[in-house]
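Below is target22.cif, which holds mmCIF, N, CA and C atoms.
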```
data_query
#
loop_
_atom_site.label_atom_id
_atom_site.label_comp_id
_atom_site.auth_asym_id
_atom_site.auth_seq_id
_atom_site.Cartn_x
_atom_site.Cartn_y
_atom_site.Cartn_z
N MET A 1 7.79 4.92 4.38
CA MET A 1 7.22 5.86 3.41
C MET A 1 5.72 5.63 3.33
N ARG A 2 5.01 6.72 3.26
CA ARG A 2 3.55 6.64 3.13
C ARG A 2 3.15 7.00 1.70
N HIS A 3 2.06 6.38 1.27
CA HIS A 3 1.52 6.61 -0.07
C HIS A 3 0.10 7.13 0.10
N THR A 4 -0.18 8.28 -0.50
CA THR A 4 -1.48 8.93 -0.36
C THR A 4 -2.35 8.63 -1.57
N PHE A 5 -3.57 8.21 -1.30
CA PHE A 5 -4.55 7.94 -2.34
C PHE A 5 -5.77 8.82 -2.10
N ALA A 6 -6.30 9.40 -3.16
CA ALA A 6 -7.55 10.15 -3.10
C ALA A 6 -8.63 9.31 -3.78
N TYR A 7 -9.84 9.38 -3.25
CA TYR A 7 -10.93 8.68 -3.90
C TYR A 7 -12.17 9.56 -3.89
N THR A 8 -12.92 9.48 -4.97
CA THR A 8 -14.18 10.20 -5.10
C THR A 8 -15.29 9.18 -5.22
N VAL A 9 -16.31 9.33 -4.41
CA VAL A 9 -17.42 8.40 -4.39
C VAL A 9 -18.67 9.14 -4.81
N THR A 10 -19.41 8.59 -5.76
CA THR A 10 -20.71 9.12 -6.15
C THR A 10 -21.76 8.10 -5.71
N ILE A 11 -22.70 8.56 -4.91
CA ILE A 11 -23.76 7.70 -4.39
C ILE A 11 -25.06 8.14 -5.05
N THR A 12 -25.75 7.21 -5.70
CA THR A 12 -26.98 7.52 -6.41
C THR A 12 -28.11 6.66 -5.88
N ASN A 13 -29.24 7.29 -5.60
CA ASN A 13 -30.43 6.56 -5.16
C ASN A 13 -31.09 5.97 -6.40
N THR A 14 -31.02 4.64 -6.53
CA THR A 14 -31.62 3.96 -7.67
C THR A 14 -32.95 3.31 -7.30
N GLY A 15 -33.43 3.60 -6.10
CA GLY A 15 -34.67 3.00 -5.63
C GLY A 15 -35.89 3.84 -5.97
N THR A 16 -37.00 3.47 -5.35
CA THR A 16 -38.26 4.15 -5.63
C THR A 16 -38.71 5.05 -4.49
N VAL A 17 -37.95 5.07 -3.37
CA VAL A 17 -38.25 5.97 -2.25
C VAL A 17 -36.99 6.71 -1.86
N SER A 18 -37.15 7.85 -1.22
CA SER A 18 -36.00 8.60 -0.73
C SER A 18 -35.29 7.79 0.35
N ALA A 19 -33.98 7.96 0.42
CA ALA A 19 -33.17 7.24 1.40
C ALA A 19 -32.06 8.15 1.91
N GLN A 20 -31.70 7.97 3.18
CA GLN A 20 -30.65 8.76 3.79
C GLN A 20 -29.44 7.89 4.09
N LEU A 21 -28.27 8.39 3.71
CA LEU A 21 -27.02 7.75 4.08
C LEU A 21 -26.73 8.15 5.52
N VAL A 22 -26.67 7.17 6.41
CA VAL A 22 -26.50 7.44 7.83
C VAL A 22 -25.05 7.27 8.27
N ALA A 23 -24.38 6.21 7.80
CA ALA A 23 -23.02 5.93 8.25
C ALA A 23 -22.23 5.22 7.16
N ARG A 24 -20.89 5.20 7.37
CA ARG A 24 -20.03 4.49 6.44
C ARG A 24 -19.06 3.62 7.22
N HIS A 25 -18.54 2.60 6.51
CA HIS A 25 -17.56 1.69 7.07
C HIS A 25 -16.58 1.33 5.96
N TRP A 26 -15.33 1.72 6.11
CA TRP A 26 -14.29 1.41 5.13
C TRP A 26 -13.22 0.55 5.77
N VAL A 27 -12.68 -0.38 4.99
CA VAL A 27 -11.54 -1.19 5.42
C VAL A 27 -10.45 -1.00 4.37
N PHE A 28 -9.28 -0.54 4.82
CA PHE A 28 -8.12 -0.35 3.95
C PHE A 28 -7.03 -1.32 4.39
N GLU A 29 -6.45 -2.03 3.42
CA GLU A 29 -5.35 -2.94 3.70
C GLU A 29 -4.26 -2.69 2.67
N ASP A 30 -3.00 -2.85 3.10
CA ASP A 30 -1.92 -2.70 2.14
C ASP A 30 -1.00 -3.91 2.16
N ASP A 31 -0.11 -3.96 1.17
CA ASP A 31 0.76 -5.12 1.00
C ASP A 31 1.79 -5.29 2.11
N SER A 32 1.96 -4.28 2.95
CA SER A 32 2.89 -4.42 4.07
C SER A 32 2.21 -5.05 5.29
N GLY A 33 0.91 -5.33 5.16
CA GLY A 33 0.18 -5.96 6.26
C GLY A 33 -0.57 -5.00 7.15
N HIS A 34 -0.49 -3.71 6.88
CA HIS A 34 -1.23 -2.74 7.69
C HIS A 34 -2.71 -2.77 7.33
N TYR A 35 -3.53 -2.58 8.35
CA TYR A 35 -4.99 -2.67 8.24
C TYR A 35 -5.57 -1.44 8.92
N GLN A 36 -6.44 -0.72 8.21
CA GLN A 36 -7.12 0.44 8.79
C GLN A 36 -8.61 0.26 8.61
N GLU A 37 -9.34 0.53 9.65
CA GLU A 37 -10.80 0.45 9.59
C GLU A 37 -11.35 1.82 9.98
N VAL A 38 -12.26 2.34 9.18
CA VAL A 38 -12.85 3.65 9.44
C VAL A 38 -14.37 3.48 9.49
N LYS A 39 -14.95 3.83 10.63
CA LYS A 39 -16.41 3.81 10.80
C LYS A 39 -16.84 5.17 11.31
N GLY A 40 -18.00 5.62 10.87
CA GLY A 40 -18.48 6.90 11.37
C GLY A 40 -19.81 7.28 10.77
N LEU A 41 -20.38 8.29 11.38
CA LEU A 41 -21.65 8.82 10.88
C LEU A 41 -21.42 9.61 9.61
N GLY A 42 -22.26 9.39 8.64
CA GLY A 42 -22.23 10.16 7.40
C GLY A 42 -20.92 10.05 6.65
N VAL A 43 -20.76 10.96 5.70
CA VAL A 43 -19.54 11.08 4.91
C VAL A 43 -19.20 12.56 4.83
N VAL A 44 -17.96 12.89 5.04
CA VAL A 44 -17.47 14.28 5.07
C VAL A 44 -18.40 15.20 5.86
N GLY A 45 -18.86 14.70 7.01
CA GLY A 45 -19.70 15.50 7.89
C GLY A 45 -21.15 15.65 7.46
N LYS A 46 -21.58 14.90 6.46
CA LYS A 46 -22.95 15.02 5.96
C LYS A 46 -23.64 13.67 5.97
N GLN A 47 -24.96 13.70 6.08
CA GLN A 47 -25.82 12.52 5.98
C GLN A 47 -26.89 12.83 4.94
N PRO A 48 -26.53 12.77 3.67
CA PRO A 48 -27.45 13.22 2.62
C PRO A 48 -28.72 12.38 2.52
N LEU A 49 -29.83 13.07 2.31
CA LEU A 49 -31.12 12.44 2.02
C LEU A 49 -31.31 12.56 0.52
N LEU A 50 -31.39 11.40 -0.15
CA LEU A 50 -31.45 11.39 -1.61
C LEU A 50 -32.80 10.90 -2.09
N ALA A 51 -33.45 11.72 -2.89
CA ALA A 51 -34.70 11.31 -3.55
C ALA A 51 -34.34 10.34 -4.66
N PRO A 52 -35.30 9.55 -5.14
CA PRO A 52 -35.01 8.65 -6.26
C PRO A 52 -34.37 9.40 -7.43
N GLY A 53 -33.24 8.87 -7.92
CA GLY A 53 -32.53 9.49 -9.02
C GLY A 53 -31.49 10.52 -8.62
N GLU A 54 -31.51 10.99 -7.37
CA GLU A 54 -30.54 11.99 -6.92
C GLU A 54 -29.21 11.33 -6.58
N SER A 55 -28.14 12.14 -6.69
CA SER A 55 -26.79 11.66 -6.38
C SER A 55 -26.11 12.60 -5.40
N PHE A 56 -25.13 12.08 -4.71
CA PHE A 56 -24.27 12.86 -3.81
C PHE A 56 -22.84 12.39 -4.06
N GLU A 57 -21.93 13.33 -4.20
CA GLU A 57 -20.53 12.99 -4.47
C GLU A 57 -19.64 13.59 -3.41
N TYR A 58 -18.64 12.83 -2.98
CA TYR A 58 -17.66 13.37 -2.04
C TYR A 58 -16.29 12.80 -2.35
N THR A 59 -15.26 13.54 -1.91
CA THR A 59 -13.88 13.12 -2.10
C THR A 59 -13.21 13.02 -0.75
N SER A 60 -12.43 11.99 -0.58
CA SER A 60 -11.67 11.79 0.66
C SER A 60 -10.36 11.13 0.28
N GLY A 61 -9.60 10.68 1.28
CA GLY A 61 -8.32 10.07 0.99
C GLY A 61 -7.86 9.17 2.12
N VAL A 62 -6.78 8.45 1.83
CA VAL A 62 -6.20 7.54 2.81
C VAL A 62 -4.70 7.46 2.54
N GLN A 63 -3.94 7.26 3.61
CA GLN A 63 -2.50 7.01 3.48
C GLN A 63 -2.23 5.56 3.82
N LEU A 64 -1.48 4.90 2.94
CA LEU A 64 -1.09 3.51 3.15
C LEU A 64 0.42 3.44 3.35
N HIS A 65 0.88 2.38 4.00
CA HIS A 65 2.31 2.17 4.23
C HIS A 65 3.00 1.54 3.02
N ALA A 66 2.25 1.00 2.09
CA ALA A 66 2.80 0.34 0.90
C ALA A 66 2.16 0.95 -0.35
N PRO A 67 2.81 0.81 -1.50
CA PRO A 67 2.27 1.39 -2.73
C PRO A 67 1.11 0.61 -3.34
N ILE A 68 0.80 -0.54 -2.78
CA ILE A 68 -0.31 -1.36 -3.27
C ILE A 68 -1.19 -1.74 -2.10
N GLY A 69 -2.49 -1.62 -2.30
CA GLY A 69 -3.43 -1.99 -1.25
C GLY A 69 -4.83 -2.15 -1.81
N THR A 70 -5.78 -2.27 -0.90
CA THR A 70 -7.17 -2.40 -1.29
C THR A 70 -8.05 -1.58 -0.35
N MET A 71 -9.25 -1.31 -0.82
CA MET A 71 -10.28 -0.71 0.03
C MET A 71 -11.61 -1.39 -0.29
N ARG A 72 -12.42 -1.53 0.73
CA ARG A 72 -13.77 -2.07 0.56
C ARG A 72 -14.60 -1.46 1.68
N GLY A 73 -15.91 -1.56 1.54
CA GLY A 73 -16.73 -0.96 2.58
C GLY A 73 -18.20 -1.06 2.32
N ALA A 74 -18.94 -0.21 3.04
CA ALA A 74 -20.39 -0.21 2.92
C ALA A 74 -20.93 1.10 3.48
N PHE A 75 -22.11 1.44 3.00
CA PHE A 75 -22.87 2.57 3.54
C PHE A 75 -24.12 2.01 4.21
N PHE A 76 -24.41 2.49 5.42
CA PHE A 76 -25.64 2.11 6.12
C PHE A 76 -26.66 3.19 5.81
N CYS A 77 -27.84 2.78 5.36
CA CYS A 77 -28.85 3.73 4.89
C CYS A 77 -30.22 3.40 5.48
N VAL A 78 -31.09 4.40 5.47
CA VAL A 78 -32.47 4.22 5.92
C VAL A 78 -33.39 4.90 4.92
N GLY A 79 -34.36 4.14 4.40
CA GLY A 79 -35.35 4.70 3.50
C GLY A 79 -36.39 5.48 4.30
N VAL A 80 -37.06 6.44 3.66
CA VAL A 80 -38.09 7.20 4.37
C VAL A 80 -39.27 6.31 4.76
N ASN A 81 -39.33 5.12 4.19
CA ASN A 81 -40.37 4.15 4.55
C ASN A 81 -39.95 3.31 5.77
N GLY A 82 -38.76 3.63 6.35
CA GLY A 82 -38.28 2.91 7.53
C GLY A 82 -37.38 1.73 7.23
N GLU A 83 -37.27 1.35 5.95
CA GLU A 83 -36.41 0.22 5.59
C GLU A 83 -34.95 0.57 5.82
N ARG A 84 -34.26 -0.29 6.58
CA ARG A 84 -32.82 -0.12 6.83
C ARG A 84 -32.08 -1.08 5.92
N PHE A 85 -31.01 -0.60 5.32
CA PHE A 85 -30.25 -1.47 4.43
C PHE A 85 -28.81 -1.00 4.34
N GLU A 86 -27.98 -1.91 3.86
CA GLU A 86 -26.57 -1.63 3.66
C GLU A 86 -26.27 -1.66 2.17
N ALA A 87 -25.50 -0.69 1.70
CA ALA A 87 -25.06 -0.65 0.31
C ALA A 87 -23.58 -0.98 0.29
N PRO A 88 -23.22 -2.24 0.00
CA PRO A 88 -21.80 -2.62 0.03
C PRO A 88 -21.03 -2.09 -1.17
N VAL A 89 -19.76 -1.79 -0.94
CA VAL A 89 -18.84 -1.41 -2.01
C VAL A 89 -17.79 -2.52 -2.08
N PRO A 90 -17.68 -3.21 -3.22
CA PRO A 90 -16.74 -4.33 -3.31
C PRO A 90 -15.28 -3.87 -3.23
N THR A 91 -14.39 -4.81 -3.08
CA THR A 91 -12.96 -4.51 -2.97
C THR A 91 -12.44 -3.83 -4.23
N LEU A 92 -11.71 -2.74 -4.01
CA LEU A 92 -11.09 -1.98 -5.09
C LEU A 92 -9.59 -1.95 -4.86
N ALA A 93 -8.80 -2.04 -5.92
CA ALA A 93 -7.35 -2.01 -5.81
C ALA A 93 -6.86 -0.57 -5.71
N LEU A 94 -5.86 -0.36 -4.88
CA LEU A 94 -5.15 0.91 -4.77
C LEU A 94 -3.72 0.65 -5.22
N ILE A 95 -3.30 1.31 -6.29
CA ILE A 95 -1.97 1.08 -6.86
C ILE A 95 -1.32 2.45 -7.09
N ALA A 96 -0.15 2.65 -6.50
CA ALA A 96 0.55 3.93 -6.66
C ALA A 96 0.86 4.18 -8.13
N ALA A 97 0.83 5.44 -8.52
CA ALA A 97 0.97 5.82 -9.92
C ALA A 97 2.22 5.26 -10.58
N GLY A 98 3.35 5.21 -9.90
CA GLY A 98 4.58 4.71 -10.48
C GLY A 98 4.54 3.23 -10.81
N LEU A 99 3.62 2.49 -10.20
CA LEU A 99 3.52 1.05 -10.43
C LEU A 99 2.51 0.70 -11.51
N ALA A 100 1.78 1.70 -11.98
CA ALA A 100 0.71 1.44 -12.95
C ALA A 100 1.22 1.31 -14.38
N GLU A 101 2.52 1.47 -14.60
CA GLU A 101 3.15 1.32 -15.91
C GLU A 101 2.45 2.15 -16.98
N GLY A 102 2.19 3.40 -16.65
CA GLY A 102 1.60 4.31 -17.61
C GLY A 102 0.11 4.16 -17.80
N LYS A 103 -0.50 3.20 -17.15
CA LYS A 103 -1.95 3.02 -17.28
C LYS A 103 -2.65 3.96 -16.31
N PRO A 104 -3.76 4.57 -16.74
CA PRO A 104 -4.47 5.46 -15.82
C PRO A 104 -5.07 4.67 -14.67
N ILE A 105 -5.05 5.29 -13.49
CA ILE A 105 -5.63 4.64 -12.32
C ILE A 105 -7.03 5.22 -12.16
N LEU A 106 -8.01 4.47 -12.56
CA LEU A 106 -9.40 4.87 -12.43
C LEU A 106 -10.19 3.59 -12.23
N LEU A 107 -10.69 3.42 -11.05
CA LEU A 107 -11.42 2.21 -10.71
C LEU A 107 -12.84 2.58 -10.37
N LEU A 108 -13.78 1.82 -10.86
CA LEU A 108 -15.19 2.10 -10.62
C LEU A 108 -15.85 0.92 -9.95
N ALA A 109 -16.74 1.20 -9.03
CA ALA A 109 -17.52 0.13 -8.41
C ALA A 109 -18.97 0.57 -8.41
N ALA A 110 -19.84 -0.29 -8.86
CA ALA A 110 -21.27 0.02 -8.85
C ALA A 110 -21.95 -0.94 -7.89
N VAL A 111 -22.84 -0.41 -7.09
CA VAL A 111 -23.54 -1.23 -6.10
C VAL A 111 -25.03 -1.02 -6.28
N LEU A 112 -25.77 -2.09 -6.44
CA LEU A 112 -27.22 -2.02 -6.56
C LEU A 112 -27.84 -2.82 -5.43
N ILE A 113 -28.83 -2.26 -4.78
CA ILE A 113 -29.52 -2.92 -3.68
C ILE A 113 -30.96 -3.14 -4.11
N THR A 114 -31.48 -4.33 -3.85
CA THR A 114 -32.86 -4.61 -4.23
C THR A 114 -33.81 -4.07 -3.17
N GLY A 115 -35.04 -3.89 -3.53
CA GLY A 115 -36.04 -3.39 -2.60
C GLY A 115 -36.47 -1.99 -2.96
N GLY A 116 -37.37 -1.43 -2.14
CA GLY A 116 -37.89 -0.10 -2.41
C GLY A 116 -36.84 0.98 -2.26
N ALA A 117 -35.96 0.81 -1.28
CA ALA A 117 -34.89 1.78 -1.08
C ALA A 117 -33.61 1.18 -1.62
N ALA A 118 -32.91 1.92 -2.45
CA ALA A 118 -31.68 1.39 -3.04
C ALA A 118 -30.72 2.54 -3.31
N LEU A 119 -29.47 2.29 -3.10
CA LEU A 119 -28.43 3.24 -3.46
C LEU A 119 -27.40 2.53 -4.30
N ALA A 120 -26.83 3.24 -5.24
CA ALA A 120 -25.70 2.72 -6.00
C ALA A 120 -24.52 3.60 -5.67
N ALA A 121 -23.39 3.00 -5.41
CA ALA A 121 -22.19 3.77 -5.11
C ALA A 121 -21.16 3.49 -6.19
N ARG A 122 -20.53 4.53 -6.67
CA ARG A 122 -19.46 4.39 -7.64
C ARG A 122 -18.26 5.13 -7.09
N ALA A 123 -17.15 4.47 -7.02
CA ALA A 123 -15.94 5.09 -6.49
C ALA A 123 -14.91 5.18 -7.59
N SER A 124 -14.31 6.34 -7.74
CA SER A 124 -13.17 6.47 -8.63
C SER A 124 -11.97 6.84 -7.77
N LEU A 125 -10.84 6.22 -8.04
CA LEU A 125 -9.68 6.36 -7.18
C LEU A 125 -8.48 6.76 -8.01
N LYS A 126 -7.60 7.54 -7.42
CA LYS A 126 -6.35 7.85 -8.09
C LYS A 126 -5.27 8.10 -7.06
N ALA A 127 -4.07 7.72 -7.37
CA ALA A 127 -2.94 7.95 -6.49
C ALA A 127 -2.50 9.40 -6.63
N GLN A 128 -2.04 9.96 -5.54
CA GLN A 128 -1.50 11.30 -5.57
C GLN A 128 -0.06 11.26 -5.09
N ALA A 129 0.76 12.16 -5.60
CA ALA A 129 2.17 12.21 -5.19
C ALA A 129 2.28 12.67 -3.75
#
```

Give the structure from the file, written as structure tokens.
Amino acid sequence: MRHTFAYTVTITNTGTVSAQLVARHWVFEDDSGHYQEVKGLGVVGKQPLLAPGESFEYTSGVQLHAPIGTMRGAFFCVGVNGERFEAPVPTLALIAAGLAEGKPILLLAAVLITGGAALAARASLKAQA
């Protein structure tokens, strides 16, 4: 049986210079031992250039073999000043709705990068039937 999870990520430029999201890297693991790694250019076919204070939001999903798992990852970015940096997203739990015991599934992760170019990423996740 597969379990489908949807996640929405909001990426905000918290730095002092514009920065472009160039690529992403996600690692998904579940309690059955399955491991999925996703690398690619941009997100949902886009490589947004964000001015300081601007945000970009996208929604995607993943199917896991077990009702419990995790996701973690990073965005590779380049500031207009040429600075290259990675904006890591810490490990987030993925828990199927039936296992949450009536608790809402909403997980947030904030990422701050030091330096002139910085992005913050916030991910909210929810299980779907």

### Task
Let me know the residues the PyMOL selection byres ((chain A and resi 30-32) around 8) catches in the file above, as a count of residues only.
15

### Message
Can you pull out the residues contacting Glu54 (chain A)? Cut-off 10 Å, using only C-alpha atoms, and skip same-chain residues under 5 positions away; I want them as a PyMOL selection string.
### Response
chain A and resi 11-15+18-19+49+119

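Closest to Ala23 (chain A) among A:Asn81, A:Thr91, A:Gln47, A:Phe5 is A:Gln47, based on only N, CA and C atoms.
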
### Query
Which residues match the PyMOL selection byres ((chain A and resi 74) around 5) in the file above, as a ChimeraX atom specification?
/A:24-25,72-73,75-76,87-89

Could those residues be written to a file, using N, CA and C atoms, as a PDB file, in the frame of the given file?
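Output file part_29.pdb is given in full below:
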```pdb
ATOM      1  N   ARG A  24     -20.890   5.200   7.370  1.00  0.00           N
ATOM      2  CA  ARG A  24     -20.030   4.490   6.440  1.00  0.00           C
ATOM      3  C   ARG A  24     -19.060   3.620   7.220  1.00  0.00           C
ATOM      4  N   HIS A  25     -18.540   2.600   6.510  1.00  0.00           N
ATOM      5  CA  HIS A  25     -17.560   1.690   7.070  1.00  0.00           C
ATOM      6  C   HIS A  25     -16.580   1.330   5.960  1.00  0.00           C
ATOM      7  N   ARG A  72     -12.420  -1.530   0.730  1.00  0.00           N
ATOM      8  CA  ARG A  72     -13.770  -2.070   0.560  1.00  0.00           C
ATOM      9  C   ARG A  72     -14.600  -1.460   1.680  1.00  0.00           C
ATOM     10  N   GLY A  73     -15.910  -1.560   1.540  1.00  0.00           N
ATOM     11  CA  GLY A  73     -16.730  -0.960   2.580  1.00  0.00           C
ATOM     12  C   GLY A  73     -18.200  -1.060   2.320  1.00  0.00           C
ATOM     13  N   PHE A  75     -22.110   1.440   3.000  1.00  0.00           N
ATOM     14  CA  PHE A  75     -22.870   2.570   3.540  1.00  0.00           C
ATOM     15  C   PHE A  75     -24.120   2.010   4.210  1.00  0.00           C
ATOM     16  N   PHE A  76     -24.410   2.490   5.420  1.00  0.00           N
ATOM     17  CA  PHE A  76     -25.640   2.110   6.120  1.00  0.00           C
ATOM     18  C   PHE A  76     -26.660   3.190   5.810  1.00  0.00           C
ATOM     19  N   ALA A  87     -25.500  -0.690   1.700  1.00  0.00           N
ATOM     20  CA  ALA A  87     -25.060  -0.650   0.310  1.00  0.00           C
ATOM     21  C   ALA A  87     -23.580  -0.980   0.290  1.00  0.00           C
ATOM     22  N   PRO A  88     -23.220  -2.240   0.000  1.00  0.00           N
ATOM     23  CA  PRO A  88     -21.800  -2.620   0.030  1.00  0.00           C
ATOM     24  C   PRO A  88     -21.030  -2.090  -1.170  1.00  0.00           C
ATOM     25  N   VAL A  89     -19.760  -1.790  -0.940  1.00  0.00           N
ATOM     26  CA  VAL A  89     -18.840  -1.410  -2.010  1.00  0.00           C
ATOM     27  C   VAL A  89     -17.790  -2.520  -2.080  1.00  0.00           C
TER      28      VAL A  89
END
```

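Here CA of Ala51 (chain A) and CA of Leu21 (chain A) stand 11.4 Å from one another.
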
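Nearest residue to Gly79 (chain A), choosing from A:Arg2, A:Thr8, A:Gln20, A:Ser55 and counting all atoms listed in the file: A:Gln20.
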
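Counting only N, CA and C atoms, the residue from A:Val17, A:Ala96, A:Val22, A:Ala6 that sits nearest to Pro48 (chain A) is A:Val22.
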